[in-house]
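Remarks on the structure that follows.
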Amino acid sequence: MDLTLIEGIEVRTALVILSEIGVDVSRFPTEKHFASWLRLCPPQDESNKTKRRRGHRKGTNRVTIALRLAARAAGKTMTPLGLFYRRIRSRLGGLGAVKATAHKLACLVYRMLKYGEEYVTQSMEEYEAKIKAKMLDTLKRKAAAMGFQLSPMPTQ
């Protein structure tokens, strides 16, 4: 599998990933386990429905550091992954966006190594249409909860 097809992952990043993990990721049952091992998931600190806020866990793994750098590089591109980074950055800030994008990259890498799937590049138009459809569904649901109904404006 060619990991360099993913936006943000270059040859050196792919070499770090393959040297640390190898090509066999069968020791991780799911991509969520893989991302958790890389410490790219939010911690679950909860006891009796009381959430204890703690700082981010430090990721000393070389793969984690490489994926965070790749996420930062992908955030500067005009690709769906870069748009995802900028959209999350507007809500969570820079560190949260880097972590979320690195989590997404880790899931892509896991799928490529585990199932042998090729990375299919999504076009910006498809991604923007998907985001707009999600926003429209959210608006309709919120309007229905408040007792309103949305109707589209007539086109001229």
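Please note that chains go A, B, ... in the order of the structure tokens, that every chain numbers its residues from 1, and that ligands are numbered from 1 in the order shown.
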
For the helix (DSSP H, G or I) assignment from backbone DSSP, which residues of range 61-91 of chain A qualify? Please present them as a list in words.
Arg62, Val63, Thr64, Ile65, Ala66, Leu67, Arg68, Leu69, Ala70, Ala71, Arg72, Ala73, Ala74, Pro80, Leu81, Gly82, Leu83, Phe84, Tyr85, Arg86, Arg87, Ile88, Arg89, Ser90 and Arg91 of chain A

Please identify all polymer residues within 12 Å of range 26-36 of chain A, counting only C-alpha atoms, omitting same-chain residues fewer than 2 positions from it, and present them as a PyMOL selection string.
chain A and resi 21-24+38-44+57+59+61+63-64+67+99-115

For those residues, write N, CA and C atoms to a file as an mmCIF file, in the first residue's frame.
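Here's the written file selection_18.cif:
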```cif
data_model
loop_
_atom_site.group_PDB
_atom_site.id
_atom_site.type_symbol
_atom_site.label_atom_id
_atom_site.label_comp_id
_atom_site.auth_asym_id
_atom_site.auth_seq_id
_atom_site.Cartn_x
_atom_site.Cartn_y
_atom_site.Cartn_z
ATOM 1 N N ILE A 21 5.269 0.522 13.455
ATOM 2 C CA ILE A 21 4.139 -0.392 13.547
ATOM 3 C C ILE A 21 4.363 -1.650 12.731
ATOM 4 N N GLY A 22 4.953 -1.487 11.566
ATOM 5 C CA GLY A 22 5.079 -2.597 10.641
ATOM 6 C C GLY A 22 3.852 -2.652 9.741
ATOM 7 N N VAL A 23 3.773 -3.675 8.929
ATOM 8 C CA VAL A 23 2.630 -3.798 8.024
ATOM 9 C C VAL A 23 1.515 -4.641 8.616
ATOM 10 N N ASP A 24 1.769 -5.274 9.744
ATOM 11 C CA ASP A 24 0.756 -6.119 10.380
ATOM 12 C C ASP A 24 0.146 -5.370 11.560
ATOM 13 N N LEU A 38 -2.391 5.107 20.049
ATOM 14 C CA LEU A 38 -1.589 6.255 19.642
ATOM 15 C C LEU A 38 -1.882 7.493 20.490
ATOM 16 N N ARG A 39 -2.834 7.392 21.397
ATOM 17 C CA ARG A 39 -3.266 8.501 22.258
ATOM 18 C C ARG A 39 -3.811 9.663 21.441
ATOM 19 N N LEU A 40 -4.613 9.333 20.451
ATOM 20 C CA LEU A 40 -5.252 10.351 19.638
ATOM 21 C C LEU A 40 -6.751 10.428 19.910
ATOM 22 N N CYS A 41 -7.197 9.781 20.976
ATOM 23 C CA CYS A 41 -8.604 9.827 21.381
ATOM 24 C C CYS A 41 -8.719 10.661 22.649
ATOM 25 N N PRO A 42 -9.864 11.313 22.852
ATOM 26 C CA PRO A 42 -10.029 12.052 24.100
ATOM 27 C C PRO A 42 -10.113 11.096 25.284
ATOM 28 N N PRO A 43 -9.555 11.466 26.433
ATOM 29 C CA PRO A 43 -9.605 10.573 27.582
ATOM 30 C C PRO A 43 -11.004 10.504 28.168
ATOM 31 N N GLN A 44 -11.361 9.363 28.726
ATOM 32 C CA GLN A 44 -12.666 9.170 29.346
ATOM 33 C C GLN A 44 -12.485 9.212 30.859
ATOM 34 N N ARG A 57 -3.300 13.951 27.185
ATOM 35 C CA ARG A 57 -2.222 13.004 27.427
ATOM 36 C C ARG A 57 -1.112 13.269 26.433
ATOM 37 N N GLY A 59 1.674 12.519 23.887
ATOM 38 C CA GLY A 59 1.953 11.441 22.942
ATOM 39 C C GLY A 59 3.435 11.371 22.652
ATOM 40 N N ASN A 61 4.860 8.657 21.419
ATOM 41 C CA ASN A 61 5.078 7.688 20.371
ATOM 42 C C ASN A 61 5.521 8.410 19.101
ATOM 43 N N VAL A 63 5.043 7.565 16.055
ATOM 44 C CA VAL A 63 3.969 7.567 15.060
ATOM 45 C C VAL A 63 2.989 8.700 15.362
ATOM 46 N N THR A 64 2.692 8.912 16.631
ATOM 47 C CA THR A 64 1.787 9.989 17.019
ATOM 48 C C THR A 64 2.356 11.342 16.607
ATOM 49 N N LEU A 67 2.128 11.685 12.845
ATOM 50 C CA LEU A 67 0.768 11.932 12.370
ATOM 51 C C LEU A 67 0.300 13.342 12.713
ATOM 52 N N LYS A 99 -5.231 17.241 16.691
ATOM 53 C CA LYS A 99 -5.499 15.921 17.257
ATOM 54 C C LYS A 99 -6.609 15.208 16.483
ATOM 55 N N ALA A 100 -7.673 15.930 16.121
ATOM 56 C CA ALA A 100 -8.777 15.323 15.384
ATOM 57 C C ALA A 100 -8.345 14.895 13.983
ATOM 58 N N THR A 101 -7.548 15.714 13.331
ATOM 59 C CA THR A 101 -7.078 15.369 11.994
ATOM 60 C C THR A 101 -6.076 14.220 12.047
ATOM 61 N N ALA A 102 -5.236 14.202 13.065
ATOM 62 C CA ALA A 102 -4.300 13.082 13.231
ATOM 63 C C ALA A 102 -5.062 11.791 13.510
ATOM 64 N N HIS A 103 -6.166 11.877 14.250
ATOM 65 C CA HIS A 103 -7.015 10.710 14.503
ATOM 66 C C HIS A 103 -7.593 10.189 13.192
ATOM 67 N N LYS A 104 -8.034 11.107 12.348
ATOM 68 C CA LYS A 104 -8.581 10.721 11.050
ATOM 69 C C LYS A 104 -7.503 10.072 10.181
ATOM 70 N N LEU A 105 -6.298 10.628 10.199
ATOM 71 C CA LEU A 105 -5.184 10.039 9.449
ATOM 72 C C LEU A 105 -4.845 8.647 9.969
ATOM 73 N N ALA A 106 -4.869 8.474 11.297
ATOM 74 C CA ALA A 106 -4.568 7.163 11.886
ATOM 75 C C ALA A 106 -5.597 6.129 11.438
ATOM 76 N N CYS A 107 -6.866 6.515 11.375
ATOM 77 C CA CYS A 107 -7.904 5.591 10.914
ATOM 78 C C CYS A 107 -7.703 5.228 9.449
ATOM 79 N N LEU A 108 -7.302 6.198 8.633
ATOM 80 C CA LEU A 108 -7.039 5.919 7.221
ATOM 81 C C LEU A 108 -5.851 4.964 7.056
ATOM 82 N N VAL A 109 -4.797 5.208 7.826
ATOM 83 C CA VAL A 109 -3.615 4.342 7.760
ATOM 84 C C VAL A 109 -3.970 2.932 8.204
ATOM 85 N N TYR A 110 -4.753 2.814 9.275
ATOM 86 C CA TYR A 110 -5.152 1.497 9.768
ATOM 87 C C TYR A 110 -5.935 0.733 8.706
ATOM 88 N N ARG A 111 -6.906 1.403 8.078
ATOM 89 C CA ARG A 111 -7.715 0.738 7.050
ATOM 90 C C ARG A 111 -6.855 0.302 5.869
ATOM 91 N N MET A 112 -5.895 1.136 5.500
ATOM 92 C CA MET A 112 -5.037 0.773 4.376
ATOM 93 C C MET A 112 -4.169 -0.434 4.710
ATOM 94 N N LEU A 113 -3.637 -0.489 5.928
ATOM 95 C CA LEU A 113 -2.752 -1.590 6.302
ATOM 96 C C LEU A 113 -3.524 -2.868 6.622
ATOM 97 N N LYS A 114 -4.681 -2.746 7.235
ATOM 98 C CA LYS A 114 -5.424 -3.933 7.664
ATOM 99 C C LYS A 114 -6.159 -4.598 6.498
ATOM 100 N N TYR A 115 -6.889 -3.799 5.728
ATOM 101 C CA TYR A 115 -7.753 -4.357 4.692
ATOM 102 C C TYR A 115 -7.164 -4.247 3.294
#
```

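With only C-alpha atoms as the atoms that count, the minimum distance from Glu126 in chain A to the choices A:Pro80, A:Met146, A:Gly93, A:Met153 is reached by A:Pro80.
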
Show me, as a ChimeraX atom specification, the residues that have an atom within 10 Å of Ala70 in chain A when counting only C-alpha atoms, minus same-chain residues fewer than 5 positions from it.
/A:6-10,13-14,64-65,75,98,101-102,105

What is the CA of Phe148 in chain A to CA of Arg87 in chain A distance in Å?
27.6 Å

DSSP says strand (DSSP E or B) for which residues of chain A? Put them as a PyMOL selection string?
chain A and resi 46-47+50-51

Please, what distance in Å, to one decimal, runs between CA of Ala133 in chain A and CA of Arg68 in chain A?
29.0 Å

Please compute the CA of Leu136 in chain A-CA of Tyr85 in chain A distance, one decimal, in Å.
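According to the coordinates, CA of Leu136 in chain A and CA of Tyr85 in chain A are separated by 20.7 Å.
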